[in-house]
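Data file: data.cif. Format and content: mmCIF, C-alpha atoms.
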data_protein
#
loop_
_atom_site.label_atom_id
_atom_site.label_comp_id
_atom_site.auth_asym_id
_atom_site.auth_seq_id
_atom_site.Cartn_x
_atom_site.Cartn_y
_atom_site.Cartn_z
CA MET U 1 -68.27 -127.23 -161.70
CA LYS U 2 -69.32 -130.89 -161.65
CA ASN U 3 -67.07 -131.83 -158.72
CA ARG U 4 -68.26 -128.80 -156.83
CA PHE U 5 -71.87 -129.83 -157.46
CA LEU U 6 -71.13 -133.31 -156.10
CA TRP U 7 -69.70 -131.70 -153.00
CA ILE U 8 -72.94 -129.76 -152.47
CA LEU U 9 -74.91 -132.96 -153.05
CA LYS U 10 -72.96 -134.66 -150.27
CA THR U 11 -73.72 -131.82 -147.87
CA LEU U 12 -77.42 -132.61 -148.12
CA ALA U 13 -76.70 -135.59 -145.90
CA VAL U 14 -75.03 -133.42 -143.26
CA PRO U 15 -78.19 -132.53 -141.26
CA VAL U 16 -79.26 -136.18 -141.21
CA LEU U 17 -75.76 -137.37 -140.25
CA SER U 18 -75.50 -134.69 -137.58
CA LEU U 19 -78.86 -135.74 -136.22
CA GLY U 20 -77.66 -139.33 -135.96
CA LEU U 21 -74.41 -138.31 -134.24
CA LEU U 22 -76.31 -136.09 -131.83
CA ALA U 23 -78.72 -138.88 -130.98
CA TYR U 24 -75.72 -141.14 -130.31
CA ALA U 25 -74.11 -138.50 -128.09
CA LEU U 26 -77.34 -138.10 -126.15
CA ALA U 27 -77.93 -141.85 -125.88
CA PRO U 28 -77.08 -142.00 -122.15
CA GLN U 29 -79.77 -139.37 -121.53
CA TRP U 30 -82.32 -140.90 -123.91
CA GLN U 31 -83.84 -143.09 -121.23
CA SER U 32 -84.28 -140.03 -118.99
CA PHE U 33 -85.93 -138.14 -121.89
CA ASP U 34 -88.37 -141.04 -122.24
CA ARG U 35 -89.01 -140.79 -118.51
CA MET U 36 -89.64 -137.07 -118.87
CA GLY U 37 -92.21 -137.90 -121.54
CA GLU U 38 -93.97 -140.36 -119.24
CA LEU U 39 -94.09 -137.76 -116.47
CA ARG U 40 -95.43 -135.16 -118.91
CA PHE U 41 -98.33 -137.37 -119.98
CA LYS U 42 -99.22 -137.98 -116.33
CA ALA U 43 -98.93 -134.31 -115.38
CA LEU U 44 -101.07 -133.18 -118.32
CA ASN U 45 -103.78 -135.78 -117.87
CA GLY U 46 -107.14 -134.07 -117.42
CA THR U 47 -107.94 -130.36 -117.63
CA PRO U 48 -104.93 -128.22 -116.67
CA LYS U 49 -104.99 -124.90 -114.82
CA GLU U 50 -102.80 -123.33 -117.50
CA ILE U 51 -101.10 -124.06 -120.82
CA LEU U 52 -97.37 -123.71 -120.24
CA VAL U 53 -95.42 -122.74 -123.38
CA GLY U 54 -91.65 -122.41 -123.60
CA VAL U 55 -90.08 -119.96 -126.05
CA CYS U 56 -86.51 -120.39 -127.32
CA TRP U 57 -85.30 -117.51 -129.53
CA PRO U 58 -82.17 -115.34 -129.99
CA PHE U 59 -83.89 -112.23 -128.58
CA ALA U 60 -80.77 -110.18 -127.80
CA ALA U 61 -78.98 -111.01 -131.04
CA ARG U 62 -81.88 -110.28 -133.37
CA HIS U 63 -83.65 -107.29 -131.79
CA ASP U 64 -86.89 -108.28 -133.52
CA GLU U 65 -90.54 -108.27 -132.49
CA MET U 66 -91.00 -111.99 -131.76
CA ALA U 67 -91.55 -111.46 -128.03
CA ASP U 68 -94.12 -108.71 -128.56
CA GLY U 69 -96.03 -110.73 -131.16
CA LEU U 70 -96.26 -113.60 -128.68
CA ARG U 71 -97.30 -111.30 -125.84
CA LEU U 72 -100.04 -109.68 -127.90
CA ALA U 73 -101.46 -113.08 -128.85
CA GLN U 74 -101.20 -114.28 -125.25
CA GLU U 75 -103.12 -111.24 -123.97
CA GLU U 76 -105.88 -111.63 -126.56
CA ILE U 77 -106.21 -115.40 -126.15
CA ASN U 78 -106.36 -115.22 -122.36
CA ALA U 79 -108.77 -112.27 -122.32
CA GLY U 80 -111.12 -114.05 -124.73
CA GLY U 81 -110.80 -117.53 -123.22
CA MET U 82 -109.83 -118.77 -126.69
CA ALA U 83 -107.83 -121.78 -125.46
CA HIS U 84 -110.81 -123.68 -124.02
CA GLY U 85 -110.93 -121.08 -121.28
CA ILE U 86 -107.45 -122.12 -120.08
CA PRO U 87 -104.86 -119.30 -119.71
CA ILE U 88 -101.57 -119.54 -121.59
CA ARG U 89 -98.33 -118.78 -119.74
CA LEU U 90 -95.08 -118.11 -121.61
CA VAL U 91 -91.60 -119.01 -120.37
CA MET U 92 -89.12 -117.10 -122.55
CA ARG U 93 -85.45 -118.03 -122.91
CA ASP U 94 -82.69 -116.53 -125.08
CA ASN U 95 -80.58 -119.19 -126.84
CA ARG U 96 -77.92 -116.65 -127.93
CA VAL U 97 -77.56 -118.55 -131.23
CA ASP U 98 -75.42 -121.04 -129.32
CA TRP U 99 -76.04 -124.79 -129.20
CA GLU U 100 -74.72 -125.33 -125.68
CA ARG U 101 -77.10 -122.69 -124.38
CA ALA U 102 -79.94 -123.99 -126.58
CA LYS U 103 -79.31 -127.52 -125.30
CA GLU U 104 -79.57 -126.34 -121.69
CA ILE U 105 -82.88 -124.67 -122.49
CA ALA U 106 -84.21 -127.73 -124.35
CA ILE U 107 -83.36 -129.99 -121.40
CA GLU U 108 -84.93 -127.50 -118.98
CA PHE U 109 -88.13 -127.45 -121.00
CA ALA U 110 -88.11 -131.22 -121.49
CA ASP U 111 -87.74 -131.64 -117.71
CA THR U 112 -90.78 -129.43 -117.02
CA PRO U 113 -93.63 -131.99 -116.90
CA LYS U 114 -96.44 -129.42 -117.13
CA MET U 115 -95.04 -127.78 -120.28
CA SER U 116 -97.09 -128.60 -123.39
CA ALA U 117 -95.19 -126.89 -126.22
CA VAL U 118 -92.12 -124.91 -127.23
CA VAL U 119 -92.21 -122.08 -129.79
CA GLY U 120 -89.00 -121.01 -131.38
CA TYR U 121 -85.82 -121.49 -133.36
CA TYR U 122 -84.50 -119.09 -135.93
CA ASP U 123 -81.42 -121.21 -136.62
CA SER U 124 -82.09 -124.51 -138.43
CA SER U 125 -79.23 -126.42 -136.84
CA LEU U 126 -80.52 -125.60 -133.35
CA ALA U 127 -84.07 -126.60 -134.30
CA ILE U 128 -82.90 -129.95 -135.69
CA LYS U 129 -80.76 -130.77 -132.66
CA ALA U 130 -83.44 -129.69 -130.18
CA SER U 131 -85.96 -132.01 -131.86
CA THR U 132 -83.89 -135.00 -130.69
CA ILE U 133 -84.60 -133.88 -127.13
CA TYR U 134 -88.21 -132.82 -127.51
CA ASP U 135 -89.47 -135.85 -129.39
CA PRO U 136 -88.49 -138.53 -126.85
CA SER U 137 -89.62 -136.27 -124.01
CA ARG U 138 -93.01 -135.87 -125.77
CA LEU U 139 -92.88 -132.08 -125.94
CA LEU U 140 -94.41 -130.31 -128.95
CA GLU U 141 -91.91 -128.17 -130.89
CA ILE U 142 -93.53 -125.42 -132.98
CA VAL U 143 -90.84 -124.13 -135.36
CA VAL U 144 -91.60 -120.58 -136.47
CA GLY U 145 -88.34 -119.48 -138.10
CA ALA U 146 -86.02 -122.32 -139.12
CA ASN U 147 -86.33 -123.37 -142.77
CA ALA U 148 -84.13 -126.45 -143.30
CA THR U 149 -86.06 -129.05 -145.29
CA SER U 150 -84.99 -131.91 -143.01
CA ILE U 151 -86.67 -130.56 -139.86
CA THR U 152 -89.94 -132.39 -140.56
CA SER U 153 -88.45 -135.35 -142.44
CA HIS U 154 -87.49 -137.60 -139.51
CA GLY U 155 -90.94 -138.99 -138.72
CA PHE U 156 -91.09 -137.21 -135.37
CA ASP U 157 -94.57 -136.87 -133.85
CA TYR U 158 -93.84 -133.75 -131.85
CA VAL U 159 -92.75 -131.15 -134.41
CA VAL U 160 -94.78 -128.79 -136.60
CA ARG U 161 -93.47 -125.87 -138.64
CA THR U 162 -95.33 -122.62 -139.37
CA ILE U 163 -92.86 -121.19 -141.91
CA VAL U 164 -92.05 -122.36 -145.43
CA SER U 165 -89.19 -124.83 -145.87
CA SER U 166 -85.96 -124.27 -147.80
CA ASP U 167 -86.99 -126.38 -150.77
CA LYS U 168 -90.07 -124.19 -151.30
CA ILE U 169 -88.04 -121.01 -150.84
CA ALA U 170 -85.41 -122.21 -153.30
CA ARG U 171 -87.94 -123.12 -156.00
CA ALA U 172 -89.65 -119.78 -155.63
CA MET U 173 -86.41 -117.80 -155.70
CA ALA U 174 -85.02 -119.72 -158.68
CA LYS U 175 -88.22 -119.06 -160.58
CA LEU U 176 -88.04 -115.38 -159.70
CA THR U 177 -84.37 -115.28 -160.71
CA VAL U 178 -85.17 -116.50 -164.21
CA GLU U 179 -88.34 -114.40 -164.50
CA ARG U 180 -86.25 -111.30 -163.81
CA GLY U 181 -83.94 -112.21 -166.73
CA HIS U 182 -80.96 -113.69 -164.89
CA LYS U 183 -79.33 -116.77 -166.40
CA LYS U 184 -75.81 -116.78 -164.92
CA VAL U 185 -75.87 -117.01 -161.16
CA ALA U 186 -73.26 -116.99 -158.40
CA VAL U 187 -74.14 -118.55 -155.04
CA ILE U 188 -72.52 -117.76 -151.70
CA TRP U 189 -73.73 -119.96 -148.87
CA GLU U 190 -73.25 -120.39 -145.16
CA GLN U 191 -72.03 -123.79 -144.01
CA GLY U 192 -74.64 -125.46 -141.82
CA ALA U 193 -78.16 -126.80 -142.04
CA TYR U 194 -79.79 -123.63 -143.39
CA GLY U 195 -77.28 -122.33 -145.92
CA GLU U 196 -76.23 -125.69 -147.35
CA ASP U 197 -79.80 -126.92 -147.77
CA LEU U 198 -80.96 -123.68 -149.37
CA ALA U 199 -77.97 -123.53 -151.77
CA TYR U 200 -78.49 -127.15 -152.80
CA GLN U 201 -82.22 -126.75 -153.36
CA TYR U 202 -81.68 -123.48 -155.25
CA GLN U 203 -79.15 -125.10 -157.58
CA ILE U 204 -81.50 -127.99 -158.33
CA ALA U 205 -84.26 -125.51 -159.15
CA LEU U 206 -81.94 -123.42 -161.36
CA ASN U 207 -80.92 -126.52 -163.32
CA SER U 208 -84.56 -127.28 -164.04
CA LEU U 209 -85.01 -123.75 -165.43
CA ASP U 210 -81.93 -123.88 -167.72
CA ALA U 211 -80.00 -121.27 -165.75
CA ASP U 212 -76.26 -121.70 -165.15
CA LEU U 213 -74.39 -121.67 -161.88
CA VAL U 214 -71.16 -119.86 -162.79
CA TYR U 215 -69.59 -119.41 -159.36
CA GLN U 216 -70.07 -120.80 -155.83
CA TRP U 217 -68.31 -120.35 -152.52
CA SER U 218 -69.09 -121.31 -148.93
CA TYR U 219 -68.06 -119.79 -145.62
CA SER U 220 -68.10 -120.72 -141.95
CA SER U 221 -70.01 -118.40 -139.64
CA GLU U 222 -67.20 -118.86 -137.13
CA SER U 223 -64.51 -117.44 -139.43
CA ALA U 224 -66.22 -115.64 -142.31
CA ASP U 225 -63.82 -113.72 -144.53
CA PHE U 226 -65.14 -112.56 -147.90
CA ARG U 227 -61.96 -111.07 -149.39
CA LEU U 228 -61.40 -114.00 -151.76
CA PRO U 229 -64.92 -114.42 -153.17
CA VAL U 230 -65.60 -110.72 -153.72
CA ASN U 231 -62.37 -110.38 -155.69
CA GLN U 232 -63.04 -113.54 -157.67
CA LEU U 233 -66.55 -112.31 -158.44
CA ARG U 234 -65.09 -109.17 -160.04
CA GLY U 235 -63.90 -111.39 -162.88
CA SER U 236 -67.04 -113.52 -163.03
CA ASP U 237 -69.73 -113.16 -165.67
CA ALA U 238 -72.49 -113.73 -163.10
CA ASP U 239 -75.50 -111.48 -163.66
CA LEU U 240 -76.94 -112.21 -160.18
CA ILE U 241 -75.46 -113.15 -156.79
CA PHE U 242 -77.61 -115.24 -154.45
CA PHE U 243 -76.50 -115.08 -150.81
CA ALA U 244 -77.79 -118.07 -148.79
CA GLY U 245 -76.82 -117.00 -145.30
CA LEU U 246 -77.93 -115.10 -142.22
CA GLU U 247 -77.88 -111.42 -141.34
CA PRO U 248 -74.58 -110.52 -139.70
CA TRP U 249 -72.43 -112.13 -142.39
CA ALA U 250 -74.70 -110.95 -145.18
CA GLY U 251 -73.99 -107.39 -144.05
CA ASP U 252 -70.25 -108.03 -144.22
CA PHE U 253 -70.52 -109.56 -147.68
CA LEU U 254 -72.59 -106.69 -149.05
CA ARG U 255 -70.16 -104.09 -147.72
CA MET U 256 -67.09 -105.85 -149.09
CA ALA U 257 -68.68 -106.61 -152.46
CA ARG U 258 -69.63 -102.98 -153.06
CA THR U 259 -66.26 -101.77 -151.74
CA VAL U 260 -64.35 -103.68 -154.45
CA GLY U 261 -66.70 -102.33 -157.12
CA ILE U 262 -69.12 -105.20 -157.70
CA ARG U 263 -72.39 -103.82 -159.08
CA THR U 264 -74.03 -107.17 -159.84
CA PRO U 265 -77.54 -107.44 -158.32
CA ILE U 266 -77.56 -109.33 -155.01
CA ILE U 267 -80.51 -111.24 -153.57
CA GLY U 268 -80.14 -112.48 -150.01
CA ALA U 269 -81.92 -115.11 -147.96
CA PHE U 270 -81.62 -112.87 -144.91
CA THR U 271 -84.03 -110.51 -143.17
CA ASP U 272 -83.91 -106.83 -142.31
CA THR U 273 -82.31 -106.42 -138.87
CA PRO U 274 -80.47 -103.60 -137.06
CA GLU U 275 -77.23 -105.61 -137.13
CA LEU U 276 -77.50 -106.17 -140.89
CA ARG U 277 -77.94 -102.44 -141.42
CA ALA U 278 -75.03 -101.57 -139.16
CA ARG U 279 -72.62 -104.01 -140.80
CA ALA U 280 -73.64 -103.34 -144.40
CA GLY U 281 -73.94 -99.57 -144.15
CA ALA U 282 -74.49 -97.79 -147.47
CA ALA U 283 -73.95 -101.10 -149.32
CA LEU U 284 -77.55 -102.04 -148.48
CA GLU U 285 -78.82 -99.66 -151.13
CA GLY U 286 -80.15 -101.61 -154.11
CA SER U 287 -79.70 -105.02 -152.51
CA MET U 288 -82.67 -107.36 -152.40
CA PHE U 289 -83.81 -109.80 -149.75
CA ILE U 290 -86.63 -112.26 -149.21
CA ASP U 291 -89.28 -111.96 -146.55
CA TYR U 292 -92.15 -114.12 -145.31
CA TYR U 293 -94.61 -111.42 -144.28
CA ASN U 294 -96.25 -108.46 -145.98
CA LEU U 295 -97.06 -105.65 -143.55
CA ASN U 296 -99.36 -104.08 -146.15
CA SER U 297 -101.36 -107.20 -146.94
CA PRO U 298 -105.01 -106.14 -147.32
CA SER U 299 -106.38 -109.27 -145.66
CA PRO U 300 -108.76 -108.48 -142.77
CA GLU U 301 -106.72 -110.72 -140.45
CA ASN U 302 -103.49 -108.84 -141.15
CA GLN U 303 -105.04 -105.40 -141.00
CA ALA U 304 -106.56 -106.20 -137.61
CA PHE U 305 -103.22 -107.53 -136.36
CA VAL U 306 -101.29 -104.47 -137.53
CA ARG U 307 -103.85 -102.13 -135.97
CA LYS U 308 -103.74 -103.94 -132.60
CA PHE U 309 -99.93 -104.21 -132.61
CA ARG U 310 -99.52 -100.49 -133.29
CA ALA U 311 -102.01 -99.63 -130.56
CA ARG U 312 -100.26 -101.89 -128.05
CA PHE U 313 -96.59 -101.17 -128.83
CA GLY U 314 -96.56 -97.93 -130.82
CA ARG U 315 -94.72 -99.32 -133.85
CA ASP U 316 -95.17 -101.60 -136.86
CA PRO U 317 -94.92 -105.37 -136.44
CA ASP U 318 -92.21 -107.24 -138.31
CA THR U 319 -92.14 -110.74 -139.78
CA TRP U 320 -91.34 -112.38 -136.47
CA ALA U 321 -94.08 -110.56 -134.60
CA ALA U 322 -96.55 -112.01 -137.10
CA GLN U 323 -94.98 -115.47 -136.90
CA GLY U 324 -95.09 -115.55 -133.09
CA TYR U 325 -98.61 -114.14 -132.99
CA ASP U 326 -99.97 -116.72 -135.42
CA ALA U 327 -98.11 -119.64 -133.83
CA LEU U 328 -99.68 -119.00 -130.43
CA TYR U 329 -103.12 -118.69 -132.01
CA ILE U 330 -102.60 -122.00 -133.83
CA LEU U 331 -101.69 -123.63 -130.53
CA ALA U 332 -104.73 -122.05 -128.84
CA LYS U 333 -106.98 -123.39 -131.59
CA ALA U 334 -105.62 -126.89 -130.95
CA VAL U 335 -106.23 -126.55 -127.20
CA ASN U 336 -109.72 -125.24 -127.84
CA SER U 337 -110.67 -128.07 -130.21
CA THR U 338 -109.26 -130.85 -128.02
CA GLY U 339 -109.74 -129.47 -124.52
CA SER U 340 -106.34 -130.99 -123.84
CA ALA U 341 -102.84 -129.83 -122.92
CA ASN U 342 -101.32 -133.16 -124.01
CA PRO U 343 -98.64 -132.42 -126.65
CA LEU U 344 -99.59 -135.38 -128.84
CA ASP U 345 -103.23 -134.30 -128.92
CA LEU U 346 -102.11 -130.79 -129.86
CA SER U 347 -99.67 -132.01 -132.53
CA TYR U 348 -102.31 -134.09 -134.26
CA SER U 349 -104.90 -131.35 -133.97
CA ILE U 350 -102.58 -128.87 -135.70
CA ARG U 351 -101.54 -131.30 -138.43
CA TYR U 352 -105.11 -132.12 -139.36
CA MET U 353 -106.82 -128.80 -138.71
CA ASP U 354 -108.77 -127.05 -141.45
CA ALA U 355 -107.00 -124.26 -143.30
CA TRP U 356 -106.81 -121.15 -141.13
CA GLU U 357 -106.15 -117.52 -142.03
CA GLY U 358 -103.84 -115.69 -139.66
CA ALA U 359 -102.05 -112.36 -139.69
CA ASN U 360 -99.43 -113.90 -141.96
CA GLY U 361 -101.73 -115.68 -144.38
CA ARG U 362 -103.02 -119.20 -144.78
CA TYR U 363 -101.91 -122.13 -142.65
CA LYS U 364 -102.52 -125.74 -143.65
CA PHE U 365 -100.25 -128.61 -142.61
CA ASN U 366 -99.50 -132.10 -143.90
CA ASP U 367 -99.22 -135.34 -141.96
CA ASP U 368 -95.57 -134.62 -141.08
CA GLY U 369 -96.35 -131.23 -139.57
CA GLU U 370 -94.98 -129.37 -142.59
CA LEU U 371 -96.61 -126.12 -143.66
CA GLY U 372 -98.12 -126.02 -147.13
CA ASP U 373 -97.21 -123.51 -149.79
CA LYS U 374 -97.24 -119.76 -149.00
CA PRO U 375 -96.08 -116.64 -150.84
CA ILE U 376 -92.55 -115.33 -150.41
CA TYR U 377 -91.91 -111.63 -150.84
CA LEU U 378 -88.98 -109.83 -152.44
CA ASP U 379 -87.93 -106.44 -151.06
CA VAL U 380 -85.26 -103.98 -152.19
CA TYR U 381 -83.54 -101.27 -150.19
CA ARG U 382 -84.34 -97.87 -151.65
CA ASN U 383 -83.04 -94.79 -149.84
CA GLY U 384 -82.31 -97.06 -146.90
CA VAL U 385 -85.87 -98.34 -146.59
CA PRO U 386 -87.13 -101.78 -147.71
CA ALA U 387 -89.69 -101.57 -150.51
CA ALA U 388 -91.68 -104.49 -151.90
CA ILE U 389 -90.90 -105.27 -155.54
CA GLY U 390 -92.27 -108.78 -156.03
CA GLN U 391 -94.23 -111.69 -154.70
CA THR U 392 -93.03 -115.12 -155.59
CA HIS U 393 -94.41 -118.63 -155.32
CA PRO U 394 -93.02 -122.02 -156.31
CA ALA U 395 -95.79 -122.24 -158.88
CA VAL U 396 -96.48 -118.59 -159.75
CA VAL U 397 -94.42 -115.43 -159.93
CA THR U 398 -96.00 -111.98 -160.06
CA GLU U 399 -94.48 -108.54 -159.83
CA PRO U 400 -96.01 -105.06 -159.45
CA GLN U 401 -96.57 -103.26 -162.72
#

Could you render the structure as structure tokens?
Amino acid sequence: MKNRFLWILKTLAVPVLSLGLLAYALAPQWQSFDRMGELRFKALNGTPKEILVGVCWPFAARHDEMADGLRLAQEEINAGGMAHGIPIRLVMRDNRVDWERAKEIAIEFADTPKMSAVVGYYDSSLAIKASTIYDPSRLLEIVVGANATSITSHGFDYVVRTIVSSDKIARAMAKLTVERGHKKVAVIWEQGAYGEDLAYQYQIALNSLDADLVYQWSYSSESADFRLPVNQLRGSDADLIFFAGLEPWAGDFLRMARTVGIRTPIIGAFTDTPELRARAGAALEGSMFIDYYNLNSPSPENQAFVRKFRARFGRDPDTWAAQGYDALYILAKAVNSTGSANPLDLSYSIRYMDAWEGANGRYKFNDDGELGDKPIYLDVYRNGVPAAIGQTHPAVVTEPQ
């Protein structure tokens, strides 16, 4: 396993190397991005008539509540004059989980001088690449879904993240793994910024807790075929399988694993989506997955959010509704405290703001725009419905009695 571990170690450099190659590829446009930044600072000088916010998200692919969470926050903020009395306008674009499309959107937003911020990015690789466009064009990127540790590690002034990073997730999940009595772990990970980073960080955390990695296998999202690993896992002594990948392929893995008779517990770093359910089918039963939001949290902020969301849309909010809702409120708070639409003013205001309680818990950022520690939840599918079974933290693990 040592050589395999060294291979994973090398992949940690992939996001940084990719970022450098992307910057090189975009070098001819870099001067124009700088010019876009200069025009933005001129256009946003003084008190604006509106706060223009771009949104880049895979709406059609995910079928989640991100758009509705943003709309609810927008309606409340504008009705209450909560952004220094300046209305917020959203410009929503679907990136289709495709870099070429995401690049077009990033350039469109960068070339909109009156735009102050962009909210978005579920996929870590897209968020990292887009940051090389937003930073030189002086456009604030608020990352609400992408977890890769490297997103906030490049010294960029125009990125903040409102979701926990992969290193925090990995430490929490490794701790929960051991607390639940598992000592021999198999890891399946998706090649790319998210899966590779999470698998690497999870392995480091397992090593520190004296758990053994007994099997590992990676796949490409462009040609995922799980026949080999599920059959190899039949002969493995793993007592837990950790799946570090996104929803569509997680559904395929779950279905194939259960089809060949694997009954080993599976924990996934995916979220509950219609596509996951469709592709996994009955194999979802008993599988576990992590989440970043607790619908039943008793906090006054969450209860108010859930009540308003149900009244407005007639259904429960999901994780991404809460993430979008809170992100827009955080931006509004920055506008309100600075009276400015300038992205650098807003970035600094968010990074140094006092701790704030939103629908999805506490938000406090460091100097790099990285979110501090937050709970991560563990759900299990029982009778086809997700049920909470644990709350985990890099420092503390608790489970319901």

key: Result set, the PyMOL selection byres ((chain U and resi 46) around 12) on current file, as a ChimeraX atom specification   = /U:40-45,47-50,114,338-342

Would you output that residue set with C-alpha atoms, as an mmCIF file, in the coordinates of the input?
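Everything below was put into result.cif:
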data_model
loop_
_atom_site.group_PDB
_atom_site.id
_atom_site.type_symbol
_atom_site.label_atom_id
_atom_site.label_comp_id
_atom_site.auth_asym_id
_atom_site.auth_seq_id
_atom_site.Cartn_x
_atom_site.Cartn_y
_atom_site.Cartn_z
ATOM 1 C CA ARG U 40 -95.430 -135.160 -118.910
ATOM 2 C CA PHE U 41 -98.330 -137.370 -119.980
ATOM 3 C CA LYS U 42 -99.220 -137.980 -116.330
ATOM 4 C CA ALA U 43 -98.930 -134.310 -115.380
ATOM 5 C CA LEU U 44 -101.070 -133.180 -118.320
ATOM 6 C CA ASN U 45 -103.780 -135.780 -117.870
ATOM 7 C CA THR U 47 -107.940 -130.360 -117.630
ATOM 8 C CA PRO U 48 -104.930 -128.220 -116.670
ATOM 9 C CA LYS U 49 -104.990 -124.900 -114.820
ATOM 10 C CA GLU U 50 -102.800 -123.330 -117.500
ATOM 11 C CA LYS U 114 -96.440 -129.420 -117.130
ATOM 12 C CA THR U 338 -109.260 -130.850 -128.020
ATOM 13 C CA GLY U 339 -109.740 -129.470 -124.520
ATOM 14 C CA SER U 340 -106.340 -130.990 -123.840
ATOM 15 C CA ALA U 341 -102.840 -129.830 -122.920
ATOM 16 C CA ASN U 342 -101.320 -133.160 -124.010
#

key: Nearby residues (all atoms listed in the file) at most 8 Å from Thr319 (chain U), same-chain spacing under 6 positions excluded, as a ChimeraX atom specification   = /U:65,291-294

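Using all atoms listed in the file, the nearest neighbour of Ala238 (chain U) within the list U:Lys184, U:Arg89, U:Arg258, U:Arg277 is U:Lys184.
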
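Applied to the file shown here, the PyMOL selection byres ((chain U and resi 220) around 12) selects Ile188, Trp189, Glu190, Gln191, Gly192, Ala193, Gly195, Glu196, Trp217, Ser218, Tyr219, Ser221, Glu222, Ser223, Ala224, Asp225, Phe226, Gly245, Leu246 and Trp249 of chain U.
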
With C-alpha atoms kept, could you save the residues just selected as a PDB file, in the coordinates of the input?
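File again37.pdb, as written:
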ATOM      1  CA  ILE U 188     -72.520-117.760-151.700  1.00  0.00           C
ATOM      2  CA  TRP U 189     -73.730-119.960-148.870  1.00  0.00           C
ATOM      3  CA  GLU U 190     -73.250-120.390-145.160  1.00  0.00           C
ATOM      4  CA  GLN U 191     -72.030-123.790-144.010  1.00  0.00           C
ATOM      5  CA  GLY U 192     -74.640-125.460-141.820  1.00  0.00           C
ATOM      6  CA  ALA U 193     -78.160-126.800-142.040  1.00  0.00           C
ATOM      7  CA  GLY U 195     -77.280-122.330-145.920  1.00  0.00           C
ATOM      8  CA  GLU U 196     -76.230-125.690-147.350  1.00  0.00           C
ATOM      9  CA  TRP U 217     -68.310-120.350-152.520  1.00  0.00           C
ATOM     10  CA  SER U 218     -69.090-121.310-148.930  1.00  0.00           C
ATOM     11  CA  TYR U 219     -68.060-119.790-145.620  1.00  0.00           C
ATOM     12  CA  SER U 221     -70.010-118.400-139.640  1.00  0.00           C
ATOM     13  CA  GLU U 222     -67.200-118.860-137.130  1.00  0.00           C
ATOM     14  CA  SER U 223     -64.510-117.440-139.430  1.00  0.00           C
ATOM     15  CA  ALA U 224     -66.220-115.640-142.310  1.00  0.00           C
ATOM     16  CA  ASP U 225     -63.820-113.720-144.530  1.00  0.00           C
ATOM     17  CA  PHE U 226     -65.140-112.560-147.900  1.00  0.00           C
ATOM     18  CA  GLY U 245     -76.820-117.000-145.300  1.00  0.00           C
ATOM     19  CA  LEU U 246     -77.930-115.100-142.220  1.00  0.00           C
ATOM     20  CA  TRP U 249     -72.430-112.130-142.390  1.00  0.00           C
TER      21      TRP U 249
END

message = Residue by residue, what does the PyMOL selection byres ((chain U and resi 360) around 6) grab here? Present the result as a ChimeraX atom specification.
response = /U:293,322,358-359,361

message = Tell me which residues come within 8 Å of (-64.9, -111.9, -148.2), as a ChimeraX atom specification, counting all atoms listed in the file in the file's coordinates.
response = /U:224-230,252-253,256-257

message = List the spatial neighbours of Tyr158 (chain U) as a list in words - criterion: any atom at most 7 Å away, only C-alpha atoms, same-chain residues fewer than 4 positions off excluded.
response = Asp135, Arg138, Leu139, Leu140, Glu141, Leu344 and Ser347 of chain U

task = Fewer than 3 positions away in the same chain doesn't count, so skip those; otherwise give me all residues within 9 Å of Ser236 (chain U), counting only C-alpha atoms, as a list in words.
result = Ala186, Val214, Tyr215, Gln232, Leu233 and Asp239 of chain U

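Nearest to Ile350 (chain U) of all the residues U:Thr162, U:Ser124, U:Asn296, U:Ser150 is U:Thr162, counting only C-alpha atoms.
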